[in-house]
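Text of query-v6.cif, listed as mmCIF, N, CA and C atoms:
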data_protein
#
loop_
_atom_site.label_atom_id
_atom_site.label_comp_id
_atom_site.auth_asym_id
_atom_site.auth_seq_id
_atom_site.Cartn_x
_atom_site.Cartn_y
_atom_site.Cartn_z
N MET A 1 -31.05 -87.61 81.50
CA MET A 1 -30.17 -88.71 81.09
C MET A 1 -30.90 -90.03 81.30
N GLU A 2 -30.83 -90.86 80.32
CA GLU A 2 -31.51 -92.16 80.33
C GLU A 2 -30.86 -93.12 81.31
N LYS A 3 -31.69 -93.82 82.04
CA LYS A 3 -31.18 -94.81 83.00
C LYS A 3 -31.09 -96.17 82.31
N HIS A 4 -30.01 -96.86 82.57
CA HIS A 4 -29.77 -98.16 81.96
C HIS A 4 -29.67 -99.26 83.00
N SER A 5 -30.39 -99.10 84.10
CA SER A 5 -30.35 -100.17 85.10
C SER A 5 -30.88 -101.44 84.45
N LEU A 6 -30.46 -102.55 84.97
CA LEU A 6 -30.86 -103.83 84.39
C LEU A 6 -32.38 -104.01 84.42
N LEU A 7 -33.01 -103.53 85.47
CA LEU A 7 -34.47 -103.63 85.56
C LEU A 7 -35.15 -102.76 84.50
N ASN A 8 -34.58 -101.61 84.17
CA ASN A 8 -35.13 -100.78 83.10
C ASN A 8 -34.88 -101.40 81.74
N GLU A 9 -33.73 -102.03 81.58
CA GLU A 9 -33.37 -102.63 80.30
C GLU A 9 -34.18 -103.89 80.01
N PHE A 10 -34.42 -104.69 81.04
CA PHE A 10 -35.09 -105.97 80.87
C PHE A 10 -36.23 -106.15 81.88
N PRO A 11 -37.28 -105.32 81.79
CA PRO A 11 -38.36 -105.41 82.78
C PRO A 11 -39.05 -106.78 82.79
N GLU A 12 -39.01 -107.47 81.66
CA GLU A 12 -39.64 -108.79 81.58
C GLU A 12 -38.93 -109.82 82.46
N PHE A 13 -37.70 -109.51 82.89
CA PHE A 13 -36.92 -110.43 83.72
C PHE A 13 -36.82 -109.95 85.17
N SER A 14 -37.68 -109.05 85.60
CA SER A 14 -37.52 -108.46 86.94
C SER A 14 -37.50 -109.51 88.04
N GLU A 15 -38.38 -110.49 87.98
CA GLU A 15 -38.39 -111.53 89.02
C GLU A 15 -37.13 -112.39 88.94
N LYS A 16 -36.73 -112.72 87.73
CA LYS A 16 -35.54 -113.57 87.56
C LYS A 16 -34.28 -112.82 87.99
N ILE A 17 -34.21 -111.52 87.73
CA ILE A 17 -33.06 -110.72 88.16
C ILE A 17 -32.94 -110.78 89.68
N HIS A 18 -34.04 -110.57 90.37
CA HIS A 18 -34.02 -110.61 91.83
C HIS A 18 -33.59 -112.00 92.32
N GLU A 19 -34.16 -113.02 91.72
CA GLU A 19 -33.83 -114.40 92.11
C GLU A 19 -32.35 -114.71 91.89
N MET A 20 -31.84 -114.33 90.72
CA MET A 20 -30.43 -114.65 90.40
C MET A 20 -29.45 -113.82 91.24
N LYS A 21 -29.84 -112.59 91.60
CA LYS A 21 -28.96 -111.79 92.47
C LYS A 21 -28.76 -112.46 93.81
N THR A 22 -29.77 -113.14 94.30
CA THR A 22 -29.67 -113.77 95.61
C THR A 22 -29.10 -115.18 95.56
N GLU A 23 -29.22 -115.85 94.41
CA GLU A 23 -28.85 -117.26 94.34
C GLU A 23 -27.60 -117.57 93.51
N ASN A 24 -27.12 -116.59 92.73
CA ASN A 24 -26.02 -116.86 91.81
C ASN A 24 -24.93 -115.81 92.03
N ALA A 25 -23.83 -116.23 92.64
CA ALA A 25 -22.75 -115.29 92.98
C ALA A 25 -22.12 -114.66 91.74
N HIS A 26 -21.96 -115.42 90.66
CA HIS A 26 -21.37 -114.88 89.44
C HIS A 26 -22.29 -113.82 88.83
N PHE A 27 -23.59 -114.11 88.79
CA PHE A 27 -24.56 -113.14 88.28
C PHE A 27 -24.50 -111.88 89.13
N ARG A 28 -24.47 -112.02 90.45
CA ARG A 28 -24.43 -110.87 91.36
C ARG A 28 -23.19 -110.01 91.10
N LYS A 29 -22.05 -110.65 90.89
CA LYS A 29 -20.81 -109.91 90.62
C LYS A 29 -20.93 -109.11 89.33
N LEU A 30 -21.42 -109.76 88.25
CA LEU A 30 -21.61 -109.06 86.98
C LEU A 30 -22.64 -107.94 87.12
N PHE A 31 -23.72 -108.21 87.85
CA PHE A 31 -24.77 -107.23 88.08
C PHE A 31 -24.19 -105.99 88.77
N ASP A 32 -23.41 -106.20 89.81
CA ASP A 32 -22.80 -105.08 90.55
C ASP A 32 -21.83 -104.30 89.66
N GLU A 33 -21.00 -105.01 88.90
CA GLU A 33 -20.05 -104.35 88.01
C GLU A 33 -20.78 -103.56 86.93
N TYR A 34 -21.85 -104.14 86.38
CA TYR A 34 -22.66 -103.47 85.36
C TYR A 34 -23.15 -102.12 85.89
N HIS A 35 -23.68 -102.11 87.11
CA HIS A 35 -24.21 -100.87 87.66
C HIS A 35 -23.11 -99.89 88.04
N GLU A 36 -21.96 -100.37 88.47
CA GLU A 36 -20.83 -99.48 88.75
C GLU A 36 -20.38 -98.79 87.46
N ILE A 37 -20.28 -99.55 86.38
CA ILE A 37 -19.87 -98.97 85.09
C ILE A 37 -20.92 -97.97 84.61
N GLU A 38 -22.20 -98.32 84.76
CA GLU A 38 -23.29 -97.43 84.35
C GLU A 38 -23.21 -96.10 85.09
N HIS A 39 -22.95 -96.15 86.40
CA HIS A 39 -22.82 -94.92 87.19
C HIS A 39 -21.60 -94.11 86.77
N GLU A 40 -20.50 -94.79 86.48
CA GLU A 40 -19.30 -94.08 86.05
C GLU A 40 -19.53 -93.37 84.71
N ILE A 41 -20.16 -94.06 83.77
CA ILE A 41 -20.48 -93.44 82.47
C ILE A 41 -21.40 -92.24 82.69
N HIS A 42 -22.38 -92.38 83.55
CA HIS A 42 -23.31 -91.29 83.85
C HIS A 42 -22.57 -90.07 84.42
N ARG A 43 -21.64 -90.31 85.36
CA ARG A 43 -20.86 -89.21 85.94
C ARG A 43 -20.04 -88.50 84.88
N ILE A 44 -19.46 -89.26 83.95
CA ILE A 44 -18.65 -88.66 82.89
C ILE A 44 -19.53 -87.83 81.96
N LYS A 45 -20.67 -88.38 81.56
CA LYS A 45 -21.55 -87.68 80.62
C LYS A 45 -22.18 -86.44 81.23
N THR A 46 -22.37 -86.41 82.53
CA THR A 46 -22.96 -85.23 83.18
C THR A 46 -21.90 -84.21 83.59
N GLY A 47 -20.63 -84.54 83.38
CA GLY A 47 -19.55 -83.60 83.70
C GLY A 47 -19.05 -83.68 85.12
N ALA A 48 -19.59 -84.60 85.90
CA ALA A 48 -19.14 -84.74 87.29
C ALA A 48 -17.75 -85.34 87.36
N GLU A 49 -17.35 -86.01 86.30
CA GLU A 49 -16.05 -86.66 86.24
C GLU A 49 -15.49 -86.45 84.83
N ASN A 50 -14.21 -86.15 84.73
CA ASN A 50 -13.59 -85.93 83.42
C ASN A 50 -12.70 -87.09 83.05
N THR A 51 -12.70 -87.42 81.76
CA THR A 51 -11.82 -88.47 81.26
C THR A 51 -11.68 -88.30 79.75
N SER A 52 -10.82 -89.08 79.15
CA SER A 52 -10.64 -89.01 77.71
C SER A 52 -11.76 -89.78 77.00
N ASP A 53 -11.94 -89.47 75.72
CA ASP A 53 -12.93 -90.19 74.91
C ASP A 53 -12.58 -91.67 74.84
N GLU A 54 -11.30 -91.97 74.81
CA GLU A 54 -10.86 -93.37 74.74
C GLU A 54 -11.31 -94.15 75.98
N VAL A 55 -11.13 -93.56 77.14
CA VAL A 55 -11.54 -94.21 78.39
C VAL A 55 -13.06 -94.39 78.40
N LEU A 56 -13.79 -93.35 77.99
CA LEU A 56 -15.25 -93.44 77.95
C LEU A 56 -15.69 -94.54 76.99
N ASN A 57 -15.05 -94.63 75.84
CA ASN A 57 -15.41 -95.67 74.87
C ASN A 57 -15.12 -97.07 75.41
N GLN A 58 -14.01 -97.22 76.13
CA GLN A 58 -13.69 -98.52 76.74
C GLN A 58 -14.73 -98.89 77.80
N LEU A 59 -15.17 -97.92 78.57
CA LEU A 59 -16.21 -98.17 79.57
C LEU A 59 -17.51 -98.60 78.89
N LYS A 60 -17.85 -97.94 77.78
CA LYS A 60 -19.08 -98.29 77.05
C LYS A 60 -19.00 -99.71 76.51
N ILE A 61 -17.84 -100.11 76.00
CA ILE A 61 -17.66 -101.47 75.49
C ILE A 61 -17.82 -102.48 76.63
N LYS A 62 -17.17 -102.21 77.76
CA LYS A 62 -17.27 -103.09 78.92
C LYS A 62 -18.72 -103.18 79.41
N PHE A 63 -19.41 -102.05 79.41
CA PHE A 63 -20.81 -101.98 79.82
C PHE A 63 -21.67 -102.89 78.93
N LEU A 64 -21.49 -102.79 77.62
CA LEU A 64 -22.27 -103.60 76.69
C LEU A 64 -21.93 -105.08 76.81
N GLN A 65 -20.67 -105.40 77.06
CA GLN A 65 -20.28 -106.79 77.27
C GLN A 65 -20.97 -107.36 78.51
N HIS A 66 -21.00 -106.60 79.58
CA HIS A 66 -21.68 -107.04 80.80
C HIS A 66 -23.18 -107.21 80.53
N LYS A 67 -23.75 -106.25 79.82
CA LYS A 67 -25.18 -106.33 79.51
C LYS A 67 -25.48 -107.59 78.71
N ASP A 68 -24.66 -107.89 77.71
CA ASP A 68 -24.85 -109.10 76.91
C ASP A 68 -24.72 -110.36 77.75
N ASN A 69 -23.70 -110.40 78.60
CA ASN A 69 -23.50 -111.57 79.46
C ASN A 69 -24.67 -111.78 80.42
N LEU A 70 -25.13 -110.69 81.02
CA LEU A 70 -26.26 -110.79 81.95
C LEU A 70 -27.52 -111.22 81.22
N TYR A 71 -27.74 -110.69 80.02
CA TYR A 71 -28.90 -111.10 79.25
C TYR A 71 -28.87 -112.59 78.93
N GLN A 72 -27.70 -113.07 78.52
CA GLN A 72 -27.56 -114.50 78.22
C GLN A 72 -27.90 -115.35 79.44
N MET A 73 -27.45 -114.91 80.60
CA MET A 73 -27.75 -115.66 81.83
C MET A 73 -29.25 -115.62 82.14
N LEU A 74 -29.88 -114.50 81.89
CA LEU A 74 -31.31 -114.35 82.17
C LEU A 74 -32.16 -115.14 81.16
N ALA A 75 -31.73 -115.17 79.93
CA ALA A 75 -32.53 -115.80 78.88
C ALA A 75 -32.48 -117.32 78.93
N ASN A 76 -31.49 -117.86 79.63
CA ASN A 76 -31.37 -119.33 79.69
C ASN A 76 -32.03 -119.91 80.91
#
What does the file become when written as structure tokens?
Amino acid sequence: MEKHSLLNEFPEFSEKIHEMKTENAHFRKLFDEYHEIEHEIHRIKTGAENTSDEVLNQLKIKFLQHKDNLYQMLAN
């Protein structure tokens, strides 16, 4: 299963990710939520957790929204 950690997704921002996690509380909150959602999706896809397709799709949407928001913060 493919890993979607922020460092894997945006390796070019590895230093900035570390810096923003320590200096920006809003970034840290989104970062933590992003990884919680990623782990939940992973558990569902591997069968460790069961849910409906609708719930999984909502998690995927939320995951992509967080990813977009974090990218915008990193790119600026």
Please write as a list of chain:residue names the full residue list that the PyMOL selection byres (((chain A and resi 73 and name CA) around 10) and name CA) yields on this file.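 Checked against the file, the PyMOL selection byres (((chain A and resi 73 and name CA) around 10) and name CA) matches A:Lys16, A:Ile17, A:Met20, A:His26, A:Phe27, A:Lys67, A:Asp68, A:Asn69, A:Leu70, A:Tyr71, A:Gln72, A:Leu74, A:Ala75, A:Asn76.
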DSSP on the backbone: which residues in chain A end up as alpha helix (DSSP H)? Give the answer as a PyMOL selection string. chain A and resi 6-9+14-23+25-45+53-75
Separation of atom N of Phe13 of chain A from atom C of Ile44 of chain A in Å: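 Computing it gives 28.3 Å between the two atoms.
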Report the distance between atom C of Glu40 of chain A and atom C of Leu56 of chain A in Å, rounded to one decimal place.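 Result for atom C of Glu40 of chain A versus atom C of Leu56 of chain A: 8.7 Å, one decimal.
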Grab the atom N of Asp53 of chain A to atom C of Lys29 of chain A distance for me, in Å with one decimal place.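 That distance, rounded to one decimal, is 25.5 Å.
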Dump as JSON, numbers by chain all residues having an atom at most 8 Å from (-29.0, -97.2, 84.8), computed in the file's coordinates with only N, CA and C atoms. {"A": [2, 3, 4, 5, 6, 7, 8, 9, 34, 35, 38, 39]}
Considering only C-alpha atoms, can you say which of A:Ala25, A:Leu30, A:Ala48, A:Ile41 comes closest to Ile61 of chain A? A:Ile41
First collect every listed atom of segment 7-19 of chain A; then fit an axis-aligned box around them, widen it by 3 Å on each side, and give centre and edge lengths in Å to one decimal, as AutoDock Vina command-line options.
--center_x -36.0 --center_y -107.7 --center_z 86.2 --size_x 13.3 --size_y 19.9 --size_z 18.3
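For the choices A:Glu33, A:Arg28, A:Thr22, A:Pro11, the atom-to-atom distance to Lys62 of chain A is smallest for A:Glu33 when using only C-alpha atoms.
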Would you please work out which residue, of A:Lys60, A:Lys21, A:Glu54, A:Glu15, is nearest to Ile37 of chain A when using all atoms listed in the file?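 Among the listed residues, A:Lys60 lies closest to Ile37 of chain A.
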